[in-house]
file start_27.tsv (TSV, C-alpha atoms and all ligand atoms)
chain	number	residue	atom	x	y	z
Q	38	MET	CA	-176.48	-74.84	-277.69
Q	39	LYS	CA	-178.64	-76.15	-280.53
Q	40	ILE	CA	-180.90	-73.37	-281.80
Q	41	LEU	CA	-183.64	-73.93	-284.32
Q	42	SER	CA	-184.54	-70.72	-286.16
Q	43	ILE	CA	-187.82	-70.43	-288.02
Q	44	VAL	CA	-188.35	-68.07	-290.95
Q	45	GLY	CA	-190.89	-67.99	-293.77
Q	46	ALA	CA	-191.60	-64.46	-295.02
Q	47	ARG	CA	-189.48	-61.75	-296.67
Q	48	PRO	CA	-188.76	-59.56	-293.62
Q	49	GLN	CA	-187.73	-62.64	-291.64
Q	50	PHE	CA	-185.05	-63.59	-294.16
Q	51	ILE	CA	-183.58	-60.09	-293.81
Q	52	LYS	CA	-183.71	-60.18	-289.99
Q	53	CYS	CA	-182.23	-63.67	-289.74
Q	54	ALA	CA	-179.20	-62.88	-291.92
Q	55	PRO	CA	-177.18	-60.97	-289.26
Q	56	VAL	CA	-178.50	-63.07	-286.38
Q	57	SER	CA	-177.63	-66.33	-288.07
Q	58	ARG	CA	-174.12	-65.05	-288.79
Q	59	GLU	CA	-173.66	-64.24	-285.10
Q	60	LEU	CA	-175.27	-67.40	-283.72
Q	61	ARG	CA	-173.08	-69.64	-285.83
Q	62	LYS	CA	-169.93	-68.21	-284.19
Q	63	GLU	CA	-170.80	-69.99	-280.94
Q	64	HIS	CA	-173.83	-72.18	-281.36
Q	65	ARG	CA	-175.22	-74.80	-283.69
Q	66	GLU	CA	-178.10	-73.39	-285.72
Q	67	VAL	CA	-180.69	-75.37	-287.66
Q	68	LEU	CA	-182.64	-73.17	-290.07
Q	69	VAL	CA	-186.26	-73.92	-291.00
Q	70	HIS	CA	-188.02	-72.17	-293.92
Q	71	THR	CA	-191.77	-72.67	-293.72
Q	72	GLY	CA	-192.32	-71.70	-297.37
Q	73	GLN	CA	-194.89	-68.99	-296.53
Q	74	HIS	CA	-193.13	-66.85	-299.18
Q	75	TYR	CA	-191.89	-68.83	-302.14
Q	76	ASP	CA	-191.58	-66.73	-305.33
Q	77	PRO	CA	-187.88	-66.36	-306.16
Q	78	GLU	CA	-188.08	-62.57	-305.70
Q	79	MET	CA	-189.80	-63.02	-302.31
Q	80	SER	CA	-187.42	-65.69	-301.01
Q	81	ASP	CA	-184.38	-67.04	-302.95
Q	82	VAL	CA	-183.01	-63.58	-303.77
Q	83	PHE	CA	-182.53	-62.84	-300.06
Q	84	PHE	CA	-180.75	-66.13	-299.36
Q	85	GLU	CA	-178.38	-65.41	-302.27
Q	86	GLU	CA	-177.70	-61.71	-301.65
Q	87	LEU	CA	-177.43	-61.94	-297.87
Q	88	ALA	CA	-175.55	-65.27	-297.86
Q	89	ILE	CA	-178.10	-66.86	-295.54
Q	90	PRO	CA	-177.26	-70.54	-295.02
Q	91	LYS	CA	-179.42	-73.00	-296.93
Q	92	PRO	CA	-182.29	-74.09	-294.66
Q	93	GLU	CA	-181.94	-77.62	-293.34
Q	94	HIS	CA	-185.72	-77.97	-293.57
Q	95	HIS	CA	-187.98	-76.43	-296.19
Q	96	LEU	CA	-191.61	-77.09	-295.34
Q	97	GLY	CA	-193.22	-75.82	-298.57
Q	98	VAL	CA	-196.35	-74.58	-296.85
Q	99	GLY	CA	-197.19	-71.83	-299.37
Q	100	SER	CA	-200.20	-69.52	-299.42
Q	101	GLY	CA	-203.65	-70.01	-297.98
Q	102	PRO	CA	-206.18	-68.64	-295.53
Q	103	HIS	CA	-204.84	-67.93	-292.03
Q	104	GLY	CA	-206.08	-71.11	-290.36
Q	105	LYS	CA	-204.84	-73.41	-293.10
Q	106	GLN	CA	-201.47	-71.69	-293.49
Q	107	THR	CA	-200.83	-71.47	-289.75
Q	108	GLY	CA	-202.12	-74.99	-289.17
Q	109	GLU	CA	-199.93	-76.53	-291.86
Q	110	CYS	CA	-196.90	-74.71	-290.51
Q	111	LEU	CA	-197.74	-75.89	-287.00
Q	112	ALA	CA	-198.03	-79.56	-287.94
Q	113	LYS	CA	-194.88	-79.56	-290.07
Q	114	ILE	CA	-192.79	-77.61	-287.56
Q	115	GLU	CA	-193.84	-80.01	-284.83
Q	116	GLU	CA	-192.46	-82.93	-286.86
Q	117	VAL	CA	-189.15	-81.10	-287.33
Q	118	LEU	CA	-188.88	-80.23	-283.64
Q	119	ILE	CA	-189.47	-83.83	-282.59
Q	120	LYS	CA	-186.72	-84.92	-284.96
Q	121	GLU	CA	-184.21	-82.16	-284.15
Q	122	HIS	CA	-184.63	-81.79	-280.34
Q	123	PRO	CA	-183.31	-78.20	-280.20
Q	124	ASP	CA	-182.48	-76.47	-276.91
Q	125	LEU	CA	-184.19	-73.28	-278.04
Q	126	VAL	CA	-186.47	-72.13	-280.86
Q	127	LEU	CA	-185.94	-68.65	-282.30
Q	128	VAL	CA	-188.82	-66.90	-284.07
Q	129	TYR	CA	-188.96	-63.49	-285.75
Q	130	GLY	CA	-191.58	-60.79	-285.97
Q	131	ASP	CA	-195.30	-61.40	-286.29
Q	132	THR	CA	-196.23	-63.56	-289.26
Q	133	ASN	CA	-198.24	-66.77	-289.34
Q	134	SER	CA	-194.91	-68.65	-289.47
Q	135	THR	CA	-193.90	-66.90	-286.22
Q	136	LEU	CA	-197.07	-67.95	-284.43
Q	137	ALA	CA	-196.90	-71.53	-285.67
Q	138	GLY	CA	-193.24	-71.85	-284.69
Q	139	GLY	CA	-193.77	-70.44	-281.22
Q	140	LEU	CA	-196.83	-72.57	-280.57
Q	141	ALA	CA	-195.30	-75.82	-281.82
Q	142	ALA	CA	-192.25	-75.30	-279.60
Q	143	ALA	CA	-194.13	-74.22	-276.47
Q	144	LYS	CA	-196.40	-77.29	-276.67
Q	145	LEU	CA	-193.32	-79.49	-276.77
Q	146	HIS	CA	-191.83	-77.60	-273.78
Q	147	ILE	CA	-189.01	-76.21	-275.88
Q	148	PRO	CA	-188.13	-72.64	-274.82
Q	149	VAL	CA	-189.05	-69.95	-277.35
Q	150	ALA	CA	-187.01	-66.80	-278.00
Q	151	HIS	CA	-188.87	-64.01	-279.82
Q	152	VAL	CA	-186.97	-61.43	-281.87
Q	153	GLU	CA	-189.01	-58.17	-282.15
Q	154	ALA	CA	-190.98	-58.87	-278.98
Q	155	GLY	CA	-193.34	-56.34	-277.41
Q	156	LEU	CA	-194.41	-54.42	-280.48
Q	157	ARG	CA	-198.06	-53.39	-280.51
Q	158	SER	CA	-200.27	-51.43	-282.86
Q	159	PHE	CA	-203.25	-51.87	-280.50
Q	160	ASP	CA	-205.25	-52.79	-283.60
Q	161	ARG	CA	-206.55	-56.33	-283.32
Q	162	THR	CA	-207.94	-56.29	-286.84
Q	163	MET	CA	-204.32	-56.77	-287.96
Q	164	PRO	CA	-203.42	-60.46	-288.18
Q	165	GLU	CA	-199.92	-59.54	-287.02
Q	166	GLU	CA	-201.22	-58.06	-283.73
Q	167	ILE	CA	-202.81	-61.38	-282.79
Q	168	ASN	CA	-199.63	-63.25	-283.72
Q	169	ARG	CA	-197.39	-60.92	-281.68
Q	170	ILE	CA	-199.49	-61.01	-278.55
Q	171	LEU	CA	-199.76	-64.79	-278.54
Q	172	VAL	CA	-196.08	-65.40	-279.25
Q	173	ASP	CA	-194.94	-62.94	-276.59
Q	174	HIS	CA	-197.05	-64.75	-274.00
Q	175	ILE	CA	-195.45	-68.13	-274.72
Q	176	SER	CA	-191.84	-66.93	-275.04
Q	177	GLU	CA	-189.10	-67.42	-272.46
Q	178	MET	CA	-186.74	-64.88	-273.99
Q	179	LEU	CA	-188.18	-61.65	-275.37
Q	180	PHE	CA	-185.79	-59.55	-277.44
Q	181	CYS	CA	-187.23	-56.02	-277.61
Q	182	PRO	CA	-186.06	-53.46	-280.17
Q	183	THR	CA	-187.30	-50.39	-278.24
Q	184	GLN	CA	-188.17	-49.23	-274.71
Q	185	THR	CA	-191.77	-48.85	-275.90
Q	186	ALA	CA	-191.80	-52.59	-276.61
Q	187	VAL	CA	-190.49	-53.33	-273.09
Q	188	ASP	CA	-193.21	-51.08	-271.64
Q	189	ASN	CA	-195.90	-52.79	-273.72
Q	190	LEU	CA	-194.84	-56.16	-272.33
Q	191	ARG	CA	-194.83	-54.84	-268.77
Q	192	ALA	CA	-198.38	-53.56	-269.28
Q	193	GLU	CA	-199.37	-57.15	-270.16
Q	194	GLY	CA	-197.61	-58.52	-267.09
Q	195	ILE	CA	-194.52	-59.84	-268.90
Q	196	THR	CA	-191.29	-58.80	-267.16
Q	197	LYS	CA	-189.25	-62.01	-266.95
Q	198	GLY	CA	-186.82	-62.81	-269.76
Q	199	VAL	CA	-187.30	-59.36	-271.34
Q	200	PHE	CA	-184.17	-57.83	-272.94
Q	201	LEU	CA	-183.90	-54.43	-274.59
Q	202	ILE	CA	-181.35	-55.17	-277.31
Q	203	GLY	CA	-182.15	-52.80	-280.20
Q	204	ASP	CA	-183.17	-53.82	-283.69
Q	205	VAL	CA	-181.52	-56.52	-285.79
Q	206	MET	CA	-182.58	-54.70	-288.98
Q	207	VAL	CA	-179.95	-52.07	-288.14
Q	208	ASP	CA	-177.31	-54.79	-288.43
Q	209	ALA	CA	-178.69	-55.97	-291.76
Q	210	LEU	CA	-178.76	-52.44	-293.11
Q	211	GLU	CA	-175.31	-51.44	-291.89
Q	212	TYR	CA	-173.76	-54.59	-293.27
Q	213	ASN	CA	-175.30	-54.04	-296.71
Q	214	ARG	CA	-175.63	-50.29	-297.25
Q	215	GLU	CA	-172.24	-49.76	-298.90
Q	216	VAL	CA	-172.53	-52.98	-300.88
Q	217	ALA	CA	-175.90	-51.78	-302.17
Q	218	ARG	CA	-174.46	-48.39	-303.19
Q	219	LYS	CA	-171.68	-50.10	-305.13
Q	220	ARG	CA	-173.55	-53.00	-306.65
Q	221	SER	CA	-177.08	-51.84	-307.37
Q	222	ASP	CA	-177.91	-50.15	-310.67
Q	223	ILE	CA	-181.55	-49.60	-309.75
Q	224	LEU	CA	-181.44	-45.83	-310.32
Q	225	GLN	CA	-180.01	-46.18	-313.82
Q	226	ARG	CA	-182.36	-49.06	-314.63
Q	227	TYR	CA	-185.44	-46.93	-313.95
Q	228	SER	CA	-183.92	-43.52	-314.88
Q	229	LEU	CA	-184.33	-42.19	-311.34
Q	230	ILE	CA	-182.56	-39.01	-310.25
Q	231	PRO	CA	-181.38	-38.99	-306.61
Q	232	GLY	CA	-183.67	-36.88	-304.40
Q	233	LYS	CA	-186.27	-36.50	-307.15
Q	234	TYR	CA	-188.39	-39.61	-306.83
Q	235	LEU	CA	-190.52	-41.45	-304.28
Q	236	VAL	CA	-190.54	-45.12	-303.28
Q	237	LEU	CA	-193.88	-46.80	-302.59
Q	238	THR	CA	-194.69	-50.16	-300.99
Q	239	ILE	CA	-198.13	-51.49	-300.02
Q	240	HIS	CA	-199.05	-54.93	-298.72
Q	241	ARG	CA	-201.22	-54.58	-295.58
Q	242	PRO	CA	-204.67	-56.18	-295.91
Q	243	SER	CA	-206.20	-52.95	-294.50
Q	244	ASN	CA	-205.10	-51.31	-297.77
Q	245	THR	CA	-204.88	-54.10	-300.35
Q	246	ASP	CA	-208.26	-55.62	-299.52
Q	247	ASN	CA	-210.05	-52.27	-299.74
Q	248	PRO	CA	-210.59	-50.91	-303.29
Q	249	GLU	CA	-211.28	-47.36	-302.03
Q	250	HIS	CA	-207.99	-47.32	-300.13
Q	251	MET	CA	-206.04	-48.53	-303.13
Q	252	GLU	CA	-207.76	-46.05	-305.46
Q	253	SER	CA	-207.05	-43.23	-303.02
Q	254	ILE	CA	-203.35	-44.05	-302.53
Q	255	ILE	CA	-202.61	-44.57	-306.21
Q	256	GLY	CA	-204.71	-41.50	-307.12
Q	257	ALA	CA	-202.87	-39.29	-304.59
Q	258	ILE	CA	-199.49	-40.27	-305.95
Q	259	GLY	CA	-200.70	-39.68	-309.50
Q	260	ASP	CA	-201.96	-36.22	-308.46
Q	261	CYS	CA	-198.47	-35.24	-307.26
Q	262	GLY	CA	-196.77	-36.03	-310.55
Q	263	VAL	CA	-193.50	-37.10	-308.88
Q	264	PRO	CA	-191.80	-40.20	-310.37
Q	265	THR	CA	-192.49	-43.07	-307.98
Q	266	LEU	CA	-190.86	-46.49	-307.92
Q	267	PHE	CA	-193.41	-49.09	-306.82
Q	268	PRO	CA	-192.07	-52.62	-306.26
Q	269	VAL	CA	-195.30	-54.56	-306.08
Q	270	HIS	CA	-195.87	-57.32	-303.50
Q	271	PRO	CA	-197.66	-60.30	-305.14
Q	272	ARG	CA	-200.63	-59.89	-302.82
Q	273	THR	CA	-200.98	-56.26	-303.91
Q	274	LYS	CA	-200.65	-57.04	-307.61
Q	275	LYS	CA	-203.46	-59.57	-307.35
Q	276	TYR	CA	-205.81	-56.96	-305.85
Q	277	LEU	CA	-204.71	-54.13	-308.18
Q	278	ILE	CA	-205.58	-56.35	-311.16
Q	279	SER	CA	-208.92	-57.35	-309.69
Q	280	TYR	CA	-209.86	-53.69	-309.03
Q	281	GLY	CA	-208.90	-52.73	-312.61
Q	282	LEU	CA	-206.27	-50.37	-311.19
Q	283	TRP	CA	-203.28	-52.18	-312.67
Q	284	ASP	CA	-204.19	-50.97	-316.17
Q	285	ARG	CA	-205.02	-47.45	-314.96
Q	286	MET	CA	-201.75	-46.77	-313.17
Q	287	PRO	CA	-200.68	-43.10	-313.48
Q	288	ASP	CA	-197.73	-42.60	-315.86
Q	289	THR	CA	-195.47	-41.35	-313.07
Q	290	ILE	CA	-195.75	-44.64	-311.12
Q	291	ILE	CA	-193.08	-47.10	-312.24
Q	292	THR	CA	-194.18	-50.58	-311.18
Q	293	CYS	CA	-191.72	-53.46	-310.91
Q	294	ASP	CA	-191.49	-56.92	-309.35
Q	295	PRO	CA	-190.51	-57.10	-305.67
Q	296	LEU	CA	-186.88	-56.00	-305.38
Q	297	GLY	CA	-183.96	-57.82	-303.84
Q	298	TYR	CA	-182.63	-56.27	-300.63
Q	299	LEU	CA	-179.67	-54.49	-302.25
Q	300	ASP	CA	-181.80	-52.82	-304.93
Q	301	MET	CA	-184.40	-51.93	-302.33
Q	302	LEU	CA	-181.81	-50.35	-300.03
Q	303	ALA	CA	-180.26	-48.39	-302.89
Q	304	ALA	CA	-183.68	-47.20	-304.09
Q	305	MET	CA	-184.71	-46.07	-300.59
Q	306	ASP	CA	-181.34	-44.48	-299.85
Q	307	SER	CA	-181.64	-41.87	-302.63
Q	308	ALA	CA	-185.41	-41.30	-302.48
Q	309	ARG	CA	-186.95	-37.92	-301.63
Q	310	LYS	CA	-189.62	-39.61	-299.52
Q	311	ILE	CA	-190.92	-43.11	-298.89
Q	312	LEU	CA	-194.60	-44.05	-298.77
Q	313	THR	CA	-195.34	-47.39	-297.17
Q	314	ASP	CA	-197.52	-49.52	-294.92
Q	315	SER	CA	-194.60	-51.86	-294.16
Q	316	GLY	CA	-193.12	-52.11	-290.68
Q	317	GLY	CA	-189.59	-52.80	-291.86
Q	318	VAL	CA	-189.63	-50.07	-294.49
Q	319	GLN	CA	-190.70	-47.43	-291.91
Q	320	LYS	CA	-187.66	-48.34	-289.83
Q	321	GLU	CA	-185.29	-48.40	-292.79
Q	322	ALA	CA	-186.54	-45.01	-293.98
Q	323	TYR	CA	-185.56	-43.62	-290.59
Q	324	LEU	CA	-182.17	-45.34	-290.57
Q	325	LEU	CA	-181.47	-43.93	-294.04
Q	326	SER	CA	-182.73	-40.45	-292.98
Q	327	VAL	CA	-185.47	-40.41	-295.60
Q	328	PRO	CA	-188.84	-38.91	-294.51
Q	329	CYS	CA	-191.54	-41.57	-294.30
Q	330	ILE	CA	-195.25	-41.21	-295.05
Q	331	THR	CA	-196.99	-44.19	-293.50
Q	332	LEU	CA	-200.17	-45.36	-295.19
Q	333	ARG	CA	-201.73	-46.52	-291.93
Q	334	GLU	CA	-203.61	-44.95	-289.02
Q	335	ASN	CA	-201.28	-46.54	-286.45
Q	336	THR	CA	-197.76	-47.91	-286.19
Q	337	GLU	CA	-195.69	-50.14	-283.94
Q	338	TRP	CA	-192.71	-47.83	-284.56
Q	339	VAL	CA	-194.12	-44.88	-282.63
Q	340	GLU	CA	-190.67	-43.40	-281.94
Q	341	THR	CA	-190.19	-42.55	-285.62
Q	342	VAL	CA	-193.42	-40.52	-285.50
Q	343	GLU	CA	-192.57	-38.90	-282.15
Q	344	VAL	CA	-189.23	-37.58	-283.44
Q	345	GLY	CA	-190.95	-36.13	-286.51
Q	346	TRP	CA	-189.47	-38.31	-289.29
Q	347	ASN	CA	-192.62	-40.36	-289.95
Q	348	VAL	CA	-196.24	-39.24	-290.42
Q	349	LEU	CA	-199.35	-41.40	-290.33
Q	350	VAL	CA	-201.76	-40.54	-293.12
Q	351	GLY	CA	-203.88	-43.69	-293.53
Q	352	ALA	CA	-205.22	-43.94	-297.06
Q	353	ASP	CA	-206.53	-40.36	-297.10
Q	354	ARG	CA	-205.94	-38.91	-300.57
Q	355	GLU	CA	-205.77	-35.30	-299.44
Q	356	ARG	CA	-203.40	-36.03	-296.51
Q	357	ILE	CA	-201.11	-38.08	-298.75
Q	358	VAL	CA	-200.89	-35.28	-301.34
Q	359	ARG	CA	-200.23	-32.72	-298.61
Q	360	MET	CA	-197.44	-34.75	-297.05
Q	361	ILE	CA	-195.73	-35.58	-300.35
Q	362	GLY	CA	-195.48	-31.86	-300.98
Q	363	GLY	CA	-195.12	-30.37	-297.54
Q	364	PHE	CA	-193.67	-32.77	-294.97
Q	365	ILE	CA	-190.24	-31.62	-293.81
Q	366	PRO	CA	-188.58	-33.55	-290.97
Q	367	PRO	CA	-186.56	-31.85	-288.22
Q	368	VAL	CA	-182.76	-31.62	-288.23
Q	369	GLU	CA	-182.48	-33.81	-285.12
Q	370	HIS	CA	-182.17	-37.49	-285.90
Q	371	PRO	CA	-181.61	-39.38	-282.63
Q	372	ASP	CA	-180.50	-43.01	-282.44
Q	373	LEU	CA	-183.71	-45.01	-281.91
Q	374	PHE	CA	-182.80	-48.59	-282.68
Q	375	GLY	CA	-179.38	-49.25	-281.17
Q	376	ARG	CA	-176.58	-51.26	-282.69
Q	377	ASP	CA	-175.36	-54.86	-282.72
Q	378	ALA	CA	-178.62	-56.40	-281.53
Q	379	SER	CA	-177.57	-59.61	-283.31
Q	380	GLY	CA	-174.42	-59.86	-281.20
Q	381	ARG	CA	-176.51	-59.37	-278.05
Q	382	ILE	CA	-178.77	-62.24	-279.08
Q	383	ARG	CA	-175.72	-64.51	-279.44
Q	384	GLU	CA	-174.50	-63.52	-275.96
Q	385	LEU	CA	-177.88	-63.72	-274.24
Q	386	VAL	CA	-178.66	-67.10	-275.71
Q	387	GLY	CA	-175.31	-68.34	-274.39
Q	388	GLU	CA	-176.09	-66.95	-270.93
Q	389	TYR	CA	-179.53	-68.57	-271.01
Q	390	ARG	CA	-177.86	-71.94	-271.53
Q	391	ASN	CA	-175.85	-71.25	-268.39
Q	392	GLY	CA	-179.06	-70.60	-266.47
Q	393	VAL	CA	-179.05	-66.78	-266.31
B	401	LIG	C1	-197.10	-61.73	-294.74
B	401	LIG	C2	-197.31	-61.49	-293.25
B	401	LIG	C3	-197.12	-60.02	-292.94
B	401	LIG	C4	-195.79	-59.50	-293.44
B	401	LIG	C5	-195.65	-59.84	-294.93
B	401	LIG	C6	-194.27	-59.46	-295.40
B	401	LIG	C7	-198.97	-62.92	-292.10
B	401	LIG	C8	-200.36	-63.01	-291.60
B	401	LIG	N1	-198.68	-61.84	-292.86
B	401	LIG	O1	-198.12	-61.02	-295.43
B	401	LIG	O2	-197.14	-59.86	-291.52
B	401	LIG	O3	-195.75	-58.11	-293.25
B	401	LIG	O4	-195.83	-61.24	-295.11
B	401	LIG	O5	-194.21	-59.34	-296.77
B	401	LIG	O6	-198.18	-63.79	-291.82
B	401	LIG	N2	-197.90	-64.57	-302.60
B	401	LIG	C9	-197.31	-64.95	-303.76
B	401	LIG	N3	-196.02	-65.37	-303.71
B	401	LIG	C10	-195.30	-65.43	-302.55
B	401	LIG	C11	-195.93	-65.04	-301.36
B	401	LIG	C12	-197.24	-64.62	-301.40
B	401	LIG	O7	-197.90	-64.90	-304.83
B	401	LIG	O8	-194.11	-65.81	-302.59
B	401	LIG	C13	-199.30	-64.06	-302.65
B	401	LIG	C14	-200.35	-65.14	-302.51
B	401	LIG	O9	-201.42	-64.79	-303.33
B	401	LIG	C15	-200.75	-65.02	-301.06
B	401	LIG	C16	-200.59	-63.53	-300.80
B	401	LIG	O10	-199.50	-63.14	-301.59
B	401	LIG	O11	-202.04	-65.47	-300.82
B	401	LIG	C17	-200.35	-63.19	-299.35
B	401	LIG	O12	-199.23	-63.91	-298.82
B	401	LIG	P1	-199.13	-64.23	-297.25
B	401	LIG	O13	-197.81	-64.79	-296.94
B	401	LIG	O14	-200.32	-64.99	-296.81
B	401	LIG	O15	-199.29	-62.81	-296.58
B	401	LIG	P2	-198.54	-61.45	-296.89
B	401	LIG	O16	-199.57	-60.47	-297.32
B	401	LIG	O17	-197.37	-61.70	-297.75
B	402	LIG	N1	-188.13	-55.21	-299.19
B	402	LIG	C1	-187.37	-55.67	-300.25
B	402	LIG	N2	-187.91	-55.59	-301.53
B	402	LIG	C2	-189.13	-55.04	-301.76
B	402	LIG	C3	-189.87	-54.57	-300.64
B	402	LIG	C4	-189.35	-54.67	-299.38
B	402	LIG	O1	-186.24	-56.15	-300.10
B	402	LIG	O2	-189.54	-55.00	-302.92
B	402	LIG	C5	-187.55	-55.32	-297.84
B	402	LIG	C6	-187.50	-54.02	-297.08
B	402	LIG	O3	-186.34	-53.29	-297.42
B	402	LIG	C7	-187.53	-54.50	-295.64
B	402	LIG	C8	-188.41	-55.73	-295.72
B	402	LIG	O4	-188.41	-56.14	-297.08
B	402	LIG	O5	-186.24	-54.91	-295.22
B	402	LIG	C9	-189.80	-55.41	-295.27
B	402	LIG	O6	-190.64	-56.45	-295.57
B	402	LIG	P1	-192.19	-56.26	-295.83
B	402	LIG	O7	-192.50	-54.86	-296.15
B	402	LIG	O8	-192.59	-57.31	-296.80
B	402	LIG	O9	-192.84	-56.70	-294.42
B	402	LIG	P2	-193.02	-55.99	-293.00
B	402	LIG	O10	-191.75	-55.39	-292.59
B	402	LIG	O11	-194.13	-55.00	-293.14
B	402	LIG	O12	-193.45	-57.11	-292.13

call {"tool": "encode", "arguments": {"input": "start_27.tsv", "output": "structure tokens"}}
result
Amino acid sequence: MKILSIVGARPQFIKCAPVSRELRKEHREVLVHTGQHYDPEMSDVFFEELAIPKPEHHLGVGSGPHGKQTGECLAKIEEVLIKEHPDLVLVYGDTNSTLAGGLAAAKLHIPVAHVEAGLRSFDRTMPEEINRILVDHISEMLFCPTQTAVDNLRAEGITKGVFLIGDVMVDALEYNREVARKRSDILQRYSLIPGKYLVLTIHRPSNTDNPEHMESIIGAIGDCGVPTLFPVHPRTKKYLISYGLWDRMPDTIITCDPLGYLDMLAAMDSARKILTDSGGVQKEAYLLSVPCITLRENTEWVETVEVGWNVLVGADRERIVRMIGGFIPPVEHPDLFGRDASGRIRELVGEYRNGV
């Protein structure tokens, strides 16, 4: 089976690492990097640390407004697909690279397999929600991480080719957790004491593009006076500078460039709490048993909220302060995301070839 996998943004590099390792045991994989993320700390570091094979095709698409970025990916992926003739195209998550990859393949009648299918925030102002819905509706194989995702697909009339396999980010985390503990010196580098600091990430347009939201989040964390490591996404840095907030950062917030995966894992692993609007980070917080304060009004990872390990606070200054001080998760920590989803993808793709 010749599988063409398409990645382009940070979380996709992390997700593709375990899947690629599995696929290559049995199948031929061609890896395409769209170039949506391109700074070394947003791209190369993950290929190096996670030993992801060098992409056969690098499309160099870069940044731009949604239409331009998605359109350039679409045109360039189409050229690659015509040249490579894969049996299946594998796309991850919900970025513009995901949508472009799915669309280019479906138009050429190449079956699409979607990893992280069925997730919904029910908030169509999020660009990701549009991407997810469209890709799910043109996919032949839908790999769902949770039962909620399967139910969401059923509610939209999609029942064929749907597989509940668990989450591939579990595989990435399990493979790297010990390595991160041994190799990363992030705590020493920033003088962080285990259990006595917070980790913060922000990159959703609903926060970054709104000066009041950014002021409120940064202000709330300053109010609490707890040391907070803040690896800053390039999109977020751009806005923080333009709002004049970059130079008014509270002393307790330690900003740094985006971290590699091993440093990020090590930093999250020993944190008291994590504050984030990231999808992947919410999941990792749960897997590492660190309480998560989500800086959004909704989430695709509803299970983490239902079991009491994640709270949604939006960008509300008072709620954020209250949760940093007072949020205590329950003792119960059920398994929500399964295990060996990457191995299941390898098997299911093989069965698909045989017409199952
Ligand atoms: C994208 C995804 C989002 C995902 C996130 C993961 C879409 C619509 N959004 O958001 O779903 O959660 O990646 O991090 O696909 N930039 C750089 N260097 C880089 C990459 C980006 O400077 O290597 C800056 C550019 O100014 C760019 C901005 O960040 O305009 C946003 O990048 P983009 O890839 O468009 O969206 P993200 O916010 O990263
Ligand atoms: N991540 C990282 N370094 C950072 C911030 C995040 O390695 O500085 C990892 C994080 O551990 C998770 C993934 O990037 O595995 C999440 O990506 P991101 O938050 O960019 O996107 P999302 O998951 O929201 O789509």

call {"tool": "closest_residue", "arguments": {"input": "start_27.tsv", "among": "Q:Thr183, Q:Asn189, Q:Ser80, Q:Ser279", "to": "Q:Ile51", "atoms": "all atoms listed in the file"}}
result
Q:Ser80

call {"tool": "closest_residue", "arguments": {"input": "start_27.tsv", "among": "Q:Val263, Q:Leu324, Q:Ile290, Q:Met79", "to": "ligand LIG 402 (chain B)", "atoms": "all atoms listed in the file"}}
result
Q:Met79

call {"tool": "axis_aligned_box", "arguments": {"input": "start_27.tsv", "around": "stretch 299-306 of chain Q", "padding_each_side": "4 Å", "output": "AutoDock Vina command-line options"}}
result
--center_x -182.2 --center_y -49.5 --center_z -302.4 --size_x 13.0 --size_y 18.0 --size_z 13.1

call {"tool": "residues_around", "arguments": {"input": "start_27.tsv", "residues": "Q:Thr185", "least_positions_apart": "2", "cutoff": "12 Å", "atoms": "all atoms listed in the file", "output": "PyMOL selection string"}}
result
chain Q and resi 153-158+181-183+187-192+201+203+336-341+343+373-374

call {"tool": "atom_distance", "arguments": {"input": "start_27.tsv", "atom1": "atom CA of Q:Gln184", "atom2": "atom CA of Q:Asp372"}}
result
12.5 Å

call {"tool": "atom_distance", "arguments": {"input": "start_27.tsv", "atom1": "atom CA of Q:Val207", "atom2": "atom CA of Q:Ala54"}}
result
11.5 Å

call {"tool": "closest_residue", "arguments": {"input": "start_27.tsv", "among": "Q:Arg383, Q:Leu277, Q:Phe50, Q:Val199", "to": "Q:Glu66", "atoms": "all atoms listed in the file"}}
result
Q:Arg383

call {"tool": "decode", "arguments": {"input": "start_27.tsv", "residues": "stretch 197-201 of chain Q", "atoms": "N, CA, C and O atoms", "output": "CSV table (one decimal), in the first residue's frame"}}
result
chain,number,residue,atom,x,y,z
Q,197,LYS,N,-20.2,5.1,7.9
Q,197,LYS,CA,-19.4,4.1,7.2
Q,197,LYS,C,-17.9,4.5,7.3
Q,197,LYS,O,-17.5,5.7,7.2
Q,198,GLY,N,-17.0,3.5,7.5
Q,198,GLY,CA,-15.6,3.8,7.6
Q,198,GLY,C,-15.2,4.5,8.8
Q,198,GLY,O,-14.1,5.0,8.9
Q,199,VAL,N,-16.0,4.4,9.9
Q,199,VAL,CA,-15.7,5.1,11.1
Q,199,VAL,C,-15.1,4.1,12.1
Q,199,VAL,O,-15.6,3.1,12.4
Q,200,PHE,N,-13.9,4.4,12.7
Q,200,PHE,CA,-13.2,3.5,13.6
Q,200,PHE,C,-12.8,4.3,14.8
Q,200,PHE,O,-12.2,5.3,14.8
Q,201,LEU,N,-13.2,3.7,16.0
Q,201,LEU,CA,-12.8,4.3,17.3
Q,201,LEU,C,-11.5,3.6,17.6
Q,201,LEU,O,-11.4,2.5,18.0
